[in-house]
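Please read the structure below before turning to the comments.
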Amino acid sequence: MHVEETRGQIARIEQVARVLGESLKRKKCKGMEGLIEEGQEMMEEKEDSSALDAALIAAAQKVEHYEIATYGTLCTWAELMGHREALKLLKQTLSEEEATDQKLTEIAESVANVKAGW
């Protein structure tokens with residue numbers, strides 16, 4: 001489900017660029033690479049543990065929080081510059097990221113953390 005949502009988010013980013021008359025330049029994000037690497041390490045450490053799901057959720061939430069911070073900033077900038085259409089598109093993505101984070105929290109609190117014994 002999240003993969004399909006991500007495809008929609010990419011399409012919206014492309015639409016924002018078109019609306020603003022900008023071209024996208026793809027660039028690797030070192031911060032995100034670090035979060036992914038850390039998540040992989042957590043998976044390896046908890047591989048045969050009842051805490052694996054909780055560790056996966058923690059890693060995923062770090063990524064979501066990074067995305068929420070990024071989209072929140074972009075929304076603020078779009079608003080300050082009066083880019084209403086871009087703001088609308090960015091807010092939609094921000095809302096999706098916040099909803100995903102909330103779902104992960106609910107799963108962690110109701111199942112994964114309990115299973116891990118935390």
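Identifiers for the structure tokens are assigned positionally: chains receive A, B, ... in sequence, residues are indexed from 1 per chain, and ligands are indexed from 1 in the order shown.
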
**OP:** Show which residues sit within 12 Å of Val111 of chain A, as a PyMOL selection string. Count only C-alpha atoms, and ignore same-chain residues fewer than 3 positions away.
**Re:** chain A and resi 50-54+57+103-108+114-118

Selection to disk with N, CA and C atoms, as a PDB file, in the first residue's frame:
```pdb
ATOM      1  N   SER A  50      12.178 -11.720  18.919  1.00  0.00           N
ATOM      2  CA  SER A  50      10.779 -11.289  18.920  1.00  0.00           C
ATOM      3  C   SER A  50      10.684  -9.774  18.776  1.00  0.00           C
ATOM      4  N   ALA A  51      11.815  -9.089  18.864  1.00  0.00           N
ATOM      5  CA  ALA A  51      11.842  -7.634  18.744  1.00  0.00           C
ATOM      6  C   ALA A  51      12.058  -7.168  17.303  1.00  0.00           C
ATOM      7  N   LEU A  52      12.136  -8.093  16.345  1.00  0.00           N
ATOM      8  CA  LEU A  52      12.400  -7.708  14.956  1.00  0.00           C
ATOM      9  C   LEU A  52      11.347  -6.741  14.424  1.00  0.00           C
ATOM     10  N   ASP A  53      10.065  -7.053  14.622  1.00  0.00           N
ATOM     11  CA  ASP A  53       9.008  -6.165  14.114  1.00  0.00           C
ATOM     12  C   ASP A  53       9.091  -4.782  14.746  1.00  0.00           C
ATOM     13  N   ALA A  54       9.356  -4.739  16.044  1.00  0.00           N
ATOM     14  CA  ALA A  54       9.474  -3.446  16.725  1.00  0.00           C
ATOM     15  C   ALA A  54      10.662  -2.658  16.171  1.00  0.00           C
ATOM     16  N   ILE A  57       9.728  -1.289  12.728  1.00  0.00           N
ATOM     17  CA  ILE A  57       8.831  -0.134  12.857  1.00  0.00           C
ATOM     18  C   ILE A  57       9.611   1.101  13.294  1.00  0.00           C
ATOM     19  N   LYS A 103      -0.102   5.107  11.768  1.00  0.00           N
ATOM     20  CA  LYS A 103      -0.378   3.670  11.630  1.00  0.00           C
ATOM     21  C   LYS A 103       0.753   2.848  12.237  1.00  0.00           C
ATOM     22  N   LEU A 104       1.985   3.263  11.953  1.00  0.00           N
ATOM     23  CA  LEU A 104       3.128   2.544  12.518  1.00  0.00           C
ATOM     24  C   LEU A 104       3.135   2.616  14.041  1.00  0.00           C
ATOM     25  N   THR A 105       2.797   3.770  14.589  1.00  0.00           N
ATOM     26  CA  THR A 105       2.719   3.922  16.044  1.00  0.00           C
ATOM     27  C   THR A 105       1.671   2.976  16.620  1.00  0.00           C
ATOM     28  N   GLU A 106       0.519   2.922  15.981  1.00  0.00           N
ATOM     29  CA  GLU A 106      -0.552   2.038  16.469  1.00  0.00           C
ATOM     30  C   GLU A 106      -0.127   0.579  16.443  1.00  0.00           C
ATOM     31  N   ILE A 107       0.545   0.157  15.378  1.00  0.00           N
ATOM     32  CA  ILE A 107       1.013  -1.232  15.288  1.00  0.00           C
ATOM     33  C   ILE A 107       2.077  -1.500  16.357  1.00  0.00           C
ATOM     34  N   ALA A 108       2.979  -0.552  16.521  1.00  0.00           N
ATOM     35  CA  ALA A 108       4.037  -0.726  17.522  1.00  0.00           C
ATOM     36  C   ALA A 108       3.450  -0.857  18.919  1.00  0.00           C
ATOM     37  N   VAL A 114       4.674  -4.987  22.343  1.00  0.00           N
ATOM     38  CA  VAL A 114       4.179  -5.983  23.311  1.00  0.00           C
ATOM     39  C   VAL A 114       4.842  -7.323  23.055  1.00  0.00           C
ATOM     40  N   LYS A 115       4.874  -7.726  21.785  1.00  0.00           N
ATOM     41  CA  LYS A 115       5.507  -8.995  21.390  1.00  0.00           C
ATOM     42  C   LYS A 115       6.986  -9.006  21.758  1.00  0.00           C
ATOM     43  N   ALA A 116       7.630  -7.841  21.643  1.00  0.00           N
ATOM     44  CA  ALA A 116       9.063  -7.733  21.949  1.00  0.00           C
ATOM     45  C   ALA A 116       9.309  -7.727  23.455  1.00  0.00           C
ATOM     46  N   GLY A 117       8.241  -7.527  24.245  1.00  0.00           N
ATOM     47  CA  GLY A 117       8.397  -7.500  25.688  1.00  0.00           C
ATOM     48  C   GLY A 117       8.805  -6.134  26.221  1.00  0.00           C
ATOM     49  N   TRP A 118       8.513  -5.088  25.433  1.00  0.00           N
ATOM     50  CA  TRP A 118       8.888  -3.727  25.850  1.00  0.00           C
ATOM     51  C   TRP A 118       7.733  -3.014  26.462  1.00  0.00           C
TER      52      TRP A 118
END
```

**OP:** Would you please extract all alpha helix (DSSP H) residues from segment 27-118 of chain A, as assigned by DSSP on the backbone, and give them as a VMD selection string?
**Re:** chain A and resid 30 to 45 52 to 80 84 to 107 113 to 116

**OP:** Would you list the contacts of Gln102 of chain A as a VMD selection string, taking every protein, DNA or RNA residue within 12 Å and counting only C-alpha atoms, but skipping same-chain residues closer than 5 positions in sequence?
**Re:** chain A and resid 57 60 to 61 64 to 65 68 95 to 97 107 to 109

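In this model, the gap between atom CA of Glu38 of chain A and atom CA of Asp101 of chain A comes to 18.1 Å.
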
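Near Ile13 of chain A, within 12 Å and counting only C-alpha atoms, sit Thr6, Arg7, Val19, Leu20, Glu22, Ser23, Leu24, Lys25, Arg26, Tyr71, Leu74, Glu85, Ala86, Leu87, Lys88, Leu89, Leu90, Lys91, Gln92, Thr93 and Leu94 of chain A, not including residues fewer than 6 positions from it in the same chain.
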
Residues of the last selection are to be written out with N, CA and C atoms, as a PDB file, in the first residue's frame.
```pdb
ATOM      1  N   THR A   6       3.636   6.030  -2.405  1.00  0.00           N
ATOM      2  CA  THR A   6       4.885   6.694  -2.761  1.00  0.00           C
ATOM      3  C   THR A   6       4.914   7.071  -4.233  1.00  0.00           C
ATOM      4  N   ARG A   7       4.397   6.211  -5.084  1.00  0.00           N
ATOM      5  CA  ARG A   7       4.320   6.544  -6.513  1.00  0.00           C
ATOM      6  C   ARG A   7       3.475   7.802  -6.736  1.00  0.00           C
ATOM      7  N   VAL A  19       4.417  23.034 -12.095  1.00  0.00           N
ATOM      8  CA  VAL A  19       3.669  24.233 -11.699  1.00  0.00           C
ATOM      9  C   VAL A  19       4.619  25.408 -11.462  1.00  0.00           C
ATOM     10  N   LEU A  20       5.777  25.114 -10.877  1.00  0.00           N
ATOM     11  CA  LEU A  20       6.740  26.165 -10.557  1.00  0.00           C
ATOM     12  C   LEU A  20       7.692  26.461 -11.720  1.00  0.00           C
ATOM     13  N   GLU A  22      10.042  24.521 -12.797  1.00  0.00           N
ATOM     14  CA  GLU A  22      11.374  24.043 -12.404  1.00  0.00           C
ATOM     15  C   GLU A  22      11.602  22.646 -12.963  1.00  0.00           C
ATOM     16  N   SER A  23      12.867  22.285 -13.080  1.00  0.00           N
ATOM     17  CA  SER A  23      13.199  20.913 -13.455  1.00  0.00           C
ATOM     18  C   SER A  23      13.759  20.214 -12.220  1.00  0.00           C
ATOM     19  N   LEU A  24      13.489  18.933 -12.137  1.00  0.00           N
ATOM     20  CA  LEU A  24      13.963  18.156 -10.989  1.00  0.00           C
ATOM     21  C   LEU A  24      15.375  17.660 -11.247  1.00  0.00           C
ATOM     22  N   LYS A  25      16.192  17.735 -10.242  1.00  0.00           N
ATOM     23  CA  LYS A  25      17.545  17.200 -10.304  1.00  0.00           C
ATOM     24  C   LYS A  25      17.622  16.104  -9.251  1.00  0.00           C
ATOM     25  N   ARG A  26      17.776  14.891  -9.688  1.00  0.00           N
ATOM     26  CA  ARG A  26      17.833  13.770  -8.752  1.00  0.00           C
ATOM     27  C   ARG A  26      19.176  13.781  -8.039  1.00  0.00           C
ATOM     28  N   TYR A  71       8.736  17.603   4.158  1.00  0.00           N
ATOM     29  CA  TYR A  71       7.505  18.125   3.554  1.00  0.00           C
ATOM     30  C   TYR A  71       6.937  19.289   4.351  1.00  0.00           C
ATOM     31  N   LEU A  74       8.887  22.242   3.149  1.00  0.00           N
ATOM     32  CA  LEU A  74       8.476  22.620   1.796  1.00  0.00           C
ATOM     33  C   LEU A  74       7.111  23.306   1.800  1.00  0.00           C
ATOM     34  N   GLU A  85      -0.951  26.279  -5.404  1.00  0.00           N
ATOM     35  CA  GLU A  85      -1.143  24.945  -5.983  1.00  0.00           C
ATOM     36  C   GLU A  85      -0.073  23.981  -5.487  1.00  0.00           C
ATOM     37  N   ALA A  86       1.165  24.448  -5.432  1.00  0.00           N
ATOM     38  CA  ALA A  86       2.245  23.612  -4.908  1.00  0.00           C
ATOM     39  C   ALA A  86       1.982  23.264  -3.444  1.00  0.00           C
ATOM     40  N   LEU A  87       1.524  24.242  -2.676  1.00  0.00           N
ATOM     41  CA  LEU A  87       1.225  24.021  -1.268  1.00  0.00           C
ATOM     42  C   LEU A  87       0.166  22.936  -1.096  1.00  0.00           C
ATOM     43  N   LYS A  88      -0.865  22.999  -1.892  1.00  0.00           N
ATOM     44  CA  LYS A  88      -1.937  21.998  -1.818  1.00  0.00           C
ATOM     45  C   LYS A  88      -1.381  20.596  -2.068  1.00  0.00           C
ATOM     46  N   LEU A  89      -0.552  20.454  -3.081  1.00  0.00           N
ATOM     47  CA  LEU A  89       0.031  19.152  -3.417  1.00  0.00           C
ATOM     48  C   LEU A  89       0.971  18.670  -2.323  1.00  0.00           C
ATOM     49  N   LEU A  90       1.788  19.565  -1.808  1.00  0.00           N
ATOM     50  CA  LEU A  90       2.736  19.197  -0.759  1.00  0.00           C
ATOM     51  C   LEU A  90       2.029  18.826   0.538  1.00  0.00           C
ATOM     52  N   LYS A  91       0.948  19.546   0.858  1.00  0.00           N
ATOM     53  CA  LYS A  91       0.184  19.228   2.073  1.00  0.00           C
ATOM     54  C   LYS A  91      -0.438  17.840   1.981  1.00  0.00           C
ATOM     55  N   GLN A  92      -0.854  17.451   0.784  1.00  0.00           N
ATOM     56  CA  GLN A  92      -1.431  16.117   0.609  1.00  0.00           C
ATOM     57  C   GLN A  92      -0.393  15.047   0.948  1.00  0.00           C
ATOM     58  N   THR A  93       0.812  15.250   0.463  1.00  0.00           N
ATOM     59  CA  THR A  93       1.878  14.289   0.765  1.00  0.00           C
ATOM     60  C   THR A  93       2.231  14.316   2.246  1.00  0.00           C
ATOM     61  N   LEU A  94       2.307  15.501   2.830  1.00  0.00           N
ATOM     62  CA  LEU A  94       2.587  15.612   4.257  1.00  0.00           C
ATOM     63  C   LEU A  94       1.541  14.854   5.073  1.00  0.00           C
TER      64      LEU A  94
END
```

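Relative to atom CA of Arg84 of chain A, atom CA of Thr100 of chain A is found at 24.4 Å.
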
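Residues in contact with Leu35 of chain A at 12 Å, where only C-alpha atoms are counted and same-chain residues fewer than 6 positions away are skipped, are listed as Cys29, Glu41, Met42, Leu56, Ala58, Ala59, Ala60, Gln61, Lys62, Val63, Glu64, His65, Tyr66 and Glu67 of chain A.
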
Original post:
atom CA of Gln9 of chain A to atom CA of Ala69 of chain A: how many Å, to one decimal?
Top reply: 15.2 Å
